[in-house]
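Coordinates from input-v8.cif are shown below (mmCIF, C-alpha atoms).
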```cif
data_structure
loop_
_atom_site.group_PDB
_atom_site.id
_atom_site.type_symbol
_atom_site.label_atom_id
_atom_site.label_comp_id
_atom_site.auth_asym_id
_atom_site.auth_seq_id
_atom_site.Cartn_x
_atom_site.Cartn_y
_atom_site.Cartn_z
ATOM 1 C CA MET M 1 9.597 62.320 35.425
ATOM 2 C CA LEU M 2 7.248 59.475 36.157
ATOM 3 C CA GLU M 3 8.224 56.803 38.645
ATOM 4 C CA PRO M 4 7.588 53.109 37.964
ATOM 5 C CA TRP M 5 4.697 53.064 40.433
ATOM 6 C CA HIS M 6 2.966 55.829 38.422
ATOM 7 C CA TRP M 7 3.018 53.644 35.328
ATOM 8 C CA MET M 8 1.910 50.602 37.357
ATOM 9 C CA ALA M 9 -1.053 52.508 38.828
ATOM 10 C CA PHE M 10 -1.948 53.895 35.398
ATOM 11 C CA GLY M 11 -1.790 50.387 33.911
ATOM 12 C CA MET M 12 -3.994 48.941 36.645
ATOM 13 C CA LEU M 13 -6.554 51.718 36.174
ATOM 14 C CA LEU M 14 -6.699 51.034 32.435
ATOM 15 C CA ILE M 15 -7.104 47.295 33.026
ATOM 16 C CA LEU M 16 -9.866 47.955 35.575
ATOM 17 C CA ALA M 17 -11.535 50.357 33.138
ATOM 18 C CA GLU M 18 -11.905 47.408 30.767
ATOM 19 C CA ILE M 19 -14.687 46.135 33.024
ATOM 20 C CA PHE M 20 -16.851 49.053 31.886
ATOM 21 C CA LEU M 21 -15.717 49.206 28.249
ATOM 22 C CA PRO M 22 -17.063 46.731 25.687
ATOM 23 C CA SER M 23 -14.225 47.137 23.179
ATOM 24 C CA PHE M 24 -11.489 45.070 24.877
ATOM 25 C CA THR M 25 -8.822 47.627 23.969
ATOM 26 C CA ALA M 26 -8.008 49.439 27.229
ATOM 27 C CA ILE M 27 -6.441 46.265 28.584
ATOM 28 C CA TRP M 28 -3.684 46.418 25.981
ATOM 29 C CA PHE M 29 -2.830 50.001 26.905
ATOM 30 C CA GLY M 30 -2.830 48.977 30.563
ATOM 31 C CA LEU M 31 -0.462 46.106 29.836
ATOM 32 C CA GLY M 32 1.770 48.533 27.915
ATOM 33 C CA ALA M 33 1.904 50.789 30.980
ATOM 34 C CA ILE M 34 2.811 47.826 33.183
ATOM 35 C CA LEU M 35 5.582 46.935 30.711
ATOM 36 C CA VAL M 36 6.932 50.487 30.966
ATOM 37 C CA ALA M 37 6.790 50.276 34.786
ATOM 38 C CA SER M 38 8.748 47.009 34.692
ATOM 39 C CA LEU M 39 11.379 48.349 32.272
ATOM 40 C CA ASP M 40 11.700 51.602 34.229
ATOM 41 C CA TRP M 41 12.213 49.670 37.446
ATOM 42 C CA LEU M 42 14.783 47.328 35.838
ATOM 43 C CA MET M 43 16.757 50.073 34.067
ATOM 44 C CA ASN M 44 16.456 52.534 36.949
ATOM 45 C CA GLY M 45 15.156 55.727 35.418
ATOM 46 C CA LEU M 46 14.255 55.816 31.740
ATOM 47 C CA ASP M 47 13.825 59.153 30.010
ATOM 48 C CA PHE M 48 10.169 60.281 29.943
ATOM 49 C CA ARG M 49 10.128 60.456 26.124
ATOM 50 C CA LEU M 50 11.438 56.894 25.935
ATOM 51 C CA GLN M 51 8.789 55.797 28.427
ATOM 52 C CA LEU M 52 6.039 57.315 26.276
ATOM 53 C CA PHE M 53 7.522 55.770 23.142
ATOM 54 C CA ILE M 54 7.693 52.280 24.701
ATOM 55 C CA TRP M 55 4.144 52.626 26.043
ATOM 56 C CA SER M 56 2.654 53.791 22.740
ATOM 57 C CA VAL M 57 4.480 51.219 20.603
ATOM 58 C CA SER M 58 3.820 48.241 22.911
ATOM 59 C CA SER M 59 0.156 49.211 23.346
ATOM 60 C CA SER M 60 -0.370 49.703 19.630
ATOM 61 C CA VAL M 61 1.354 46.442 18.710
ATOM 62 C CA ALA M 62 -0.629 44.484 21.323
ATOM 63 C CA THR M 63 -3.914 46.030 20.132
ATOM 64 C CA PHE M 64 -3.076 45.317 16.490
ATOM 65 C CA LEU M 65 -2.151 41.696 17.258
ATOM 66 C CA TRP M 66 -5.350 41.238 19.258
ATOM 67 C CA PHE M 67 -7.657 42.458 16.510
ATOM 68 C CA LYS M 68 -5.729 40.943 13.608
ATOM 69 C CA TYR M 69 -4.858 37.466 14.886
ATOM 70 C CA PHE M 70 -6.011 36.464 18.348
ATOM 71 C CA ARG M 71 -9.588 37.751 18.397
ATOM 72 C CA GLN M 72 -10.678 35.266 15.711
ATOM 73 C CA THR M 73 -9.491 32.354 17.848
ATOM 74 C CA MET M 74 -11.483 33.594 20.860
ATOM 75 C CA LYS M 75 -14.901 33.743 19.218
ATOM 76 C CA ASP M 76 -17.778 31.905 20.860
ATOM 77 C CA LYS M 77 -18.009 28.530 19.196
ATOM 78 C CA THR M 78 -21.098 27.269 20.973
ATOM 79 C CA THR M 79 -24.342 26.660 19.154
ATOM 80 C CA ALA M 80 -26.379 28.658 21.682
ATOM 81 C CA GLY M 81 -29.294 30.341 19.973
ATOM 82 C CA ILE M 82 -29.003 28.216 16.834
ATOM 83 C CA ALA M 83 -31.751 25.944 15.545
ATOM 84 C CA LYS M 84 -31.802 22.409 16.899
ATOM 85 C CA GLU M 85 -31.062 21.042 13.420
ATOM 86 C CA ALA M 86 -27.608 22.592 13.696
ATOM 87 C CA ILE M 87 -26.581 20.123 16.402
ATOM 88 C CA GLN M 88 -27.320 17.015 14.347
ATOM 89 C CA GLY M 89 -24.099 15.180 13.603
ATOM 90 C CA GLU M 90 -22.168 16.692 16.524
ATOM 91 C CA THR M 91 -20.088 14.206 18.489
ATOM 92 C CA GLY M 92 -19.466 13.911 22.198
ATOM 93 C CA TYR M 93 -18.328 11.483 24.862
ATOM 94 C CA VAL M 94 -20.392 9.471 27.321
ATOM 95 C CA ILE M 95 -19.841 10.536 30.916
ATOM 96 C CA LYS M 96 -22.481 8.318 32.491
ATOM 97 C CA ALA M 97 -24.060 5.369 30.688
ATOM 98 C CA PRO M 98 -27.843 4.920 30.856
ATOM 99 C CA THR M 99 -28.889 2.423 33.530
ATOM 100 C CA GLY M 100 -32.183 1.152 34.884
ATOM 101 C CA GLY M 101 -34.460 3.312 32.752
ATOM 102 C CA ARG M 102 -32.442 6.472 33.441
ATOM 103 C CA HIS M 103 -30.926 8.658 30.774
ATOM 104 C CA GLY M 104 -27.194 8.711 30.182
ATOM 105 C CA LEU M 105 -25.083 11.845 30.310
ATOM 106 C CA ALA M 106 -22.778 13.030 27.505
ATOM 107 C CA ARG M 107 -20.304 15.915 27.235
ATOM 108 C CA PHE M 108 -19.892 17.907 24.028
ATOM 109 C CA THR M 109 -17.110 20.254 22.955
ATOM 110 C CA PRO M 110 -18.031 22.842 21.837
ATOM 111 C CA ALA M 111 -21.160 23.249 23.931
ATOM 112 C CA LEU M 112 -24.466 22.467 22.224
ATOM 113 C CA LEU M 113 -27.255 25.018 22.535
ATOM 114 C CA GLY M 114 -25.497 26.668 25.461
ATOM 115 C CA ASP M 115 -24.677 23.568 27.533
ATOM 116 C CA ASP M 116 -21.778 21.142 27.358
ATOM 117 C CA GLU M 117 -23.409 18.260 29.264
ATOM 118 C CA TRP M 118 -26.658 16.701 28.069
ATOM 119 C CA PRO M 119 -28.844 13.795 29.135
ATOM 120 C CA PHE M 120 -29.296 11.377 26.267
ATOM 121 C CA ILE M 121 -31.294 8.443 25.015
ATOM 122 C CA LEU M 122 -29.448 5.856 22.953
ATOM 123 C CA VAL M 123 -31.221 5.136 19.649
ATOM 124 C CA ASP M 124 -30.707 2.842 16.704
ATOM 125 C CA PRO M 125 -28.377 4.576 14.175
ATOM 126 C CA SER M 126 -30.817 3.957 11.309
ATOM 127 C CA ILE M 127 -33.294 6.414 12.860
ATOM 128 C CA GLN M 128 -31.705 9.377 11.058
ATOM 129 C CA ASP M 129 -32.046 7.781 7.635
ATOM 130 C CA GLU M 130 -35.721 6.956 8.177
ATOM 131 C CA GLU M 131 -36.500 10.396 9.622
ATOM 132 C CA SER M 132 -34.849 12.208 6.732
ATOM 133 C CA GLU M 133 -36.853 10.160 4.235
ATOM 134 C CA SER M 134 -40.134 10.793 6.029
ATOM 135 C CA SER M 135 -39.454 14.532 6.341
ATOM 136 C CA THR M 136 -39.148 14.885 2.573
ATOM 137 C CA SER M 137 -42.453 13.167 1.866
ATOM 138 C CA SER M 138 -45.864 14.241 3.139
ATOM 139 C CA VAL M 139 -46.658 12.550 6.414
ATOM 140 C CA THR M 140 -50.251 11.659 7.227
ATOM 141 C CA ALA M 141 -51.684 11.378 10.714
ATOM 142 C CA GLU M 142 -51.763 7.582 10.445
ATOM 143 C CA ARG M 143 -48.091 7.415 9.505
ATOM 144 C CA SER M 144 -47.028 9.712 12.355
ATOM 145 C CA GLU M 145 -48.989 7.560 14.830
ATOM 146 C CA ALA M 146 -47.301 4.441 13.476
ATOM 147 C CA LYS M 147 -43.953 6.167 13.705
ATOM 148 C CA ASN M 148 -44.576 7.076 17.367
ATOM 149 C CA THR M 149 -45.387 3.482 18.239
ATOM 150 C CA GLN M 150 -42.279 2.287 16.433
ATOM 151 C CA SER M 151 -40.003 4.849 18.103
ATOM 152 C CA THR M 152 -39.791 2.764 21.268
ATOM 153 C CA GLU M 153 -38.616 -0.154 19.139
ATOM 154 C CA ARG M 154 -35.793 2.007 17.742
ATOM 155 C CA LEU M 155 -34.208 2.520 21.144
ATOM 156 C CA ALA M 156 -30.916 0.718 21.453
ATOM 157 C CA SER M 157 -29.919 -1.394 24.424
ATOM 158 C CA PRO M 158 -28.173 0.678 27.140
ATOM 159 C CA ALA M 159 -25.731 -2.208 27.641
ATOM 160 C CA GLU M 160 -24.183 -1.301 24.260
ATOM 161 C CA ILE M 161 -22.609 1.905 25.566
ATOM 162 C CA HIS M 162 -20.080 2.665 28.291
ATOM 163 C CA PRO M 163 -18.459 5.809 29.745
ATOM 164 C CA GLY M 164 -15.826 7.129 27.352
ATOM 165 C CA ASP M 165 -17.614 5.914 24.210
ATOM 166 C CA LYS M 166 -18.156 8.407 21.397
ATOM 167 C CA VAL M 167 -21.754 9.307 20.472
ATOM 168 C CA ILE M 168 -23.258 11.254 17.595
ATOM 169 C CA VAL M 169 -26.384 13.419 17.882
ATOM 170 C CA HIS M 170 -29.347 12.402 15.724
ATOM 171 C CA GLY M 171 -31.960 14.682 17.222
ATOM 172 C CA ILE M 172 -33.411 16.279 20.320
ATOM 173 C CA THR M 173 -36.609 15.722 22.222
ATOM 174 C CA GLY M 174 -37.403 18.198 24.973
ATOM 175 C CA ASN M 175 -34.174 18.589 26.918
ATOM 176 C CA THR M 176 -32.824 15.150 25.998
ATOM 177 C CA LEU M 177 -30.613 14.317 23.030
ATOM 178 C CA LEU M 178 -31.183 11.319 20.804
ATOM 179 C CA VAL M 179 -27.759 9.828 20.165
ATOM 180 C CA ALA M 180 -26.244 6.737 18.590
ATOM 181 C CA LYS M 181 -22.929 5.095 19.345
ATOM 182 C CA LYS M 182 -20.293 6.209 16.871
#
```
Could you write out this file's structure as structure tokens?
Amino acid sequence: MLEPWHWMAFGMLLILAEIFLPSFTAIWFGLGAILVASLDWLMNGLDFRLQLFIWSVSSSVATFLWFKYFRQTMKDKTTAGIAKEAIQGETGYVIKAPTGGRHGLARFTPALLGDDEWPFILVDPSIQDEESESSTSSVTAERSEAKNTQSTERLASPAEIHPGDKVIVHGITGNTLLVAKK
């Protein structure tokens, strides 16, 4: 007959084994063993067959529930490794407003391209409409030069935004987001 501490040690070993296993299943069998240890301690000596039954049923049910229902809610929802176009339209909140020629700082949930906090430049909201029109037509060298000189005119005044305001991503340049106040 197994004592409660046997089941507890077995459960801990299975949970520790999860560190080396990529499947995320041993943890449920370890938790089942800990449940058996707890029940055996509370009821003071369960029959060994009942202990095995409780362990197998609780472990199987926990594993089934994990794979059927809970695993889908735990998937990585960041946009890490996704093209920069995928972040356009994402919304976040201003943490630090831009001041004195410095970039602002915004937080995004879920994280964008692997990071949840990004420096940003505040731009005029009409920039997205003009960029989408120019990307569909052929752009000559003269037009792109004119666009670069006009881009500084499209920057919005930093006084328009404050910490806590909502922003929407319009693009990215280097490691800085181009955002507009939402």
d(CA of Glu3 (chain M), CA of Ala26 (chain M)) in Å = 21.2 Å
Interatomic distance between CA of Leu177 (chain M) and CA of Leu113 (chain M)?
->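 The value is 11.2 Å.
Once the PyMOL selection byres ((chain M and resi 57) around 12) is applied to the shown structure, the selection contains M:Trp28, M:Phe29, M:Leu31, M:Gly32, M:Ala33, M:Leu35, M:Val36, M:Leu50, M:Gln51, M:Leu52, M:Phe53, M:Ile54, M:Trp55, M:Ser56, M:Ser58, M:Ser59, M:Ser60, M:Val61, M:Ala62, M:Thr63, M:Phe64.
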Judged by all atoms listed in the file, the minimum distance to Leu178 (chain M) among M:Arg71, M:His103, M:Lys166, M:His6 is found for M:His103
Figure out the distance between CA of Leu122 (chain M) and CA of Glu160 (chain M), please, to one decimal in Å.
-> 9.0 Å
Name every residue that the PyMOL selection byres ((chain M and resi 175) around 10) selects in this structure, writing the answer as an MDAnalysis selection string with chains first and numbers rising.
-> chainID M and resid 118:120 172:174 176:178
Check the smallest atom-to-atom distance from each of M:Thr109, M:Gly114, M:Arg102, M:Pro4 to Met43 (chain M) using all atoms listed in the file, then report the winner.
->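 Among M:Thr109, M:Gly114, M:Arg102, M:Pro4, it is M:Pro4 that comes nearest to Met43 (chain M).
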Which is closer to Trp7 (chain M) than all the others in M:Ile27, M:Leu21, M:Leu39, M:Ala180, using all atoms listed in the file?
->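 Of M:Ile27, M:Leu21, M:Leu39, M:Ala180, the one nearest Trp7 (chain M), counting all atoms listed in the file, is M:Leu39.
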Kindly indicate which residue among M:Leu105, M:Val123, M:Ala37, M:Ile95 lies nearest to Leu2 (chain M), using all atoms listed in the file for the distances.
->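 Between M:Leu105, M:Val123, M:Ala37, M:Ile95, the residue approaching Leu2 (chain M) most closely is M:Ala37.
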Would you mind listing what lies within 8 Å of Gly171 (chain M) as a ChimeraX atom specification, with only C-alpha atoms counted and same-chain residues fewer than 6 positions away left out?
-> /M:84-85,87-88,177-179
Could those residues be written to a file, using C-alpha atoms, as a compact mmCIF listing (two decimals), in the frame of the given file?
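Writing the result to selection-v3.txt gives the following:
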```
# COMPACT_ATOMS: atom_id res chain seq x y z
CA LYS M 84 -31.80 22.41 16.90
CA GLU M 85 -31.06 21.04 13.42
CA ILE M 87 -26.58 20.12 16.40
CA GLN M 88 -27.32 17.02 14.35
CA LEU M 177 -30.61 14.32 23.03
CA LEU M 178 -31.18 11.32 20.80
CA VAL M 179 -27.76 9.83 20.16
```
Care to translate the PyMOL selection byres ((chain M and resi 14) around 8) into actual residues of this file, as a CSV table (one decimal) with C-alpha atoms, in the frame of the given file?
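The new file result-v2.csv reads:
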```
chain,number,residue,atom,x,y,z
M,10,PHE,CA,-1.9,53.9,35.4
M,11,GLY,CA,-1.8,50.4,33.9
M,12,MET,CA,-4.0,48.9,36.6
M,13,LEU,CA,-6.6,51.7,36.2
M,15,ILE,CA,-7.1,47.3,33.0
M,16,LEU,CA,-9.9,48.0,35.6
M,17,ALA,CA,-11.5,50.4,33.1
M,18,GLU,CA,-11.9,47.4,30.8
M,26,ALA,CA,-8.0,49.4,27.2
M,27,ILE,CA,-6.4,46.3,28.6
M,29,PHE,CA,-2.8,50.0,26.9
M,30,GLY,CA,-2.8,49.0,30.6
```
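Omitting Gly92 (chain M) and its sequence neighbours fewer than 4 positions away, and counting all atoms listed in the file, the residues within 6 Å are Arg107, Phe108, Lys166 and Val167 of chain M.
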Distance criterion (all atoms listed in the file): nearest to Gly164 (chain M) out of M:Ala106, M:Ala86, M:Val94, M:Ala111 = M:Val94
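Nearest residue to Trp66 (chain M) among M:Pro125, M:Asp47, M:Lys182, M:Thr25 is M:Thr25, counting only C-alpha atoms.
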Since fewer atoms than expected are present, regenerate N, CA, C and O atoms for region 48-59 of chain M and write them as a PDB file, keeping the file's coordinate frame.
```
ATOM      1  N   PHE M  48      11.625  60.223  30.081  1.00  0.00           N
ATOM      2  CA  PHE M  48      10.169  60.281  29.943  1.00  0.00           C
ATOM      3  C   PHE M  48       9.734  60.067  28.493  1.00  0.00           C
ATOM      4  O   PHE M  48       8.746  59.389  28.227  1.00  0.00           O
ATOM      5  N   ARG M  49      10.482  60.643  27.540  1.00  0.00           N
ATOM      6  CA  ARG M  49      10.128  60.456  26.124  1.00  0.00           C
ATOM      7  C   ARG M  49      10.251  58.992  25.704  1.00  0.00           C
ATOM      8  O   ARG M  49       9.436  58.481  24.942  1.00  0.00           O
ATOM      9  N   LEU M  50      11.262  58.313  26.220  1.00  0.00           N
ATOM     10  CA  LEU M  50      11.438  56.894  25.935  1.00  0.00           C
ATOM     11  C   LEU M  50      10.312  56.067  26.576  1.00  0.00           C
ATOM     12  O   LEU M  50       9.818  55.115  25.976  1.00  0.00           O
ATOM     13  N   GLN M  51       9.902  56.474  27.766  1.00  0.00           N
ATOM     14  CA  GLN M  51       8.789  55.797  28.427  1.00  0.00           C
ATOM     15  C   GLN M  51       7.518  55.909  27.588  1.00  0.00           C
ATOM     16  O   GLN M  51       6.808  54.918  27.370  1.00  0.00           O
ATOM     17  N   LEU M  52       7.234  57.113  27.116  1.00  0.00           N
ATOM     18  CA  LEU M  52       6.039  57.315  26.276  1.00  0.00           C
ATOM     19  C   LEU M  52       6.137  56.526  24.973  1.00  0.00           C
ATOM     20  O   LEU M  52       5.138  55.957  24.503  1.00  0.00           O
ATOM     21  N   PHE M  53       7.325  56.506  24.388  1.00  0.00           N
ATOM     22  CA  PHE M  53       7.522  55.770  23.142  1.00  0.00           C
ATOM     23  C   PHE M  53       7.278  54.269  23.361  1.00  0.00           C
ATOM     24  O   PHE M  53       6.566  53.627  22.591  1.00  0.00           O
ATOM     25  N   ILE M  54       7.877  53.707  24.409  1.00  0.00           N
ATOM     26  CA  ILE M  54       7.693  52.280  24.701  1.00  0.00           C
ATOM     27  C   ILE M  54       6.218  51.971  24.963  1.00  0.00           C
ATOM     28  O   ILE M  54       5.672  50.979  24.470  1.00  0.00           O
ATOM     29  N   TRP M  55       5.560  52.846  25.734  1.00  0.00           N
ATOM     30  CA  TRP M  55       4.144  52.626  26.043  1.00  0.00           C
ATOM     31  C   TRP M  55       3.283  52.674  24.780  1.00  0.00           C
ATOM     32  O   TRP M  55       2.459  51.784  24.559  1.00  0.00           O
ATOM     33  N   SER M  56       3.496  53.666  23.935  1.00  0.00           N
ATOM     34  CA  SER M  56       2.654  53.791  22.740  1.00  0.00           C
ATOM     35  C   SER M  56       2.917  52.661  21.750  1.00  0.00           C
ATOM     36  O   SER M  56       1.971  52.099  21.167  1.00  0.00           O
ATOM     37  N   VAL M  57       4.161  52.282  21.549  1.00  0.00           N
ATOM     38  CA  VAL M  57       4.480  51.219  20.603  1.00  0.00           C
ATOM     39  C   VAL M  57       3.971  49.869  21.116  1.00  0.00           C
ATOM     40  O   VAL M  57       3.318  49.123  20.383  1.00  0.00           O
ATOM     41  N   SER M  58       4.254  49.539  22.384  1.00  0.00           N
ATOM     42  CA  SER M  58       3.820  48.241  22.911  1.00  0.00           C
ATOM     43  C   SER M  58       2.288  48.134  22.955  1.00  0.00           C
ATOM     44  O   SER M  58       1.729  47.088  22.639  1.00  0.00           O
ATOM     45  N   SER M  59       1.626  49.211  23.308  1.00  0.00           N
ATOM     46  CA  SER M  59       0.156  49.211  23.346  1.00  0.00           C
ATOM     47  C   SER M  59      -0.436  49.057  21.950  1.00  0.00           C
ATOM     48  O   SER M  59      -1.378  48.295  21.739  1.00  0.00           O
TER      49      SER M  59
END
```
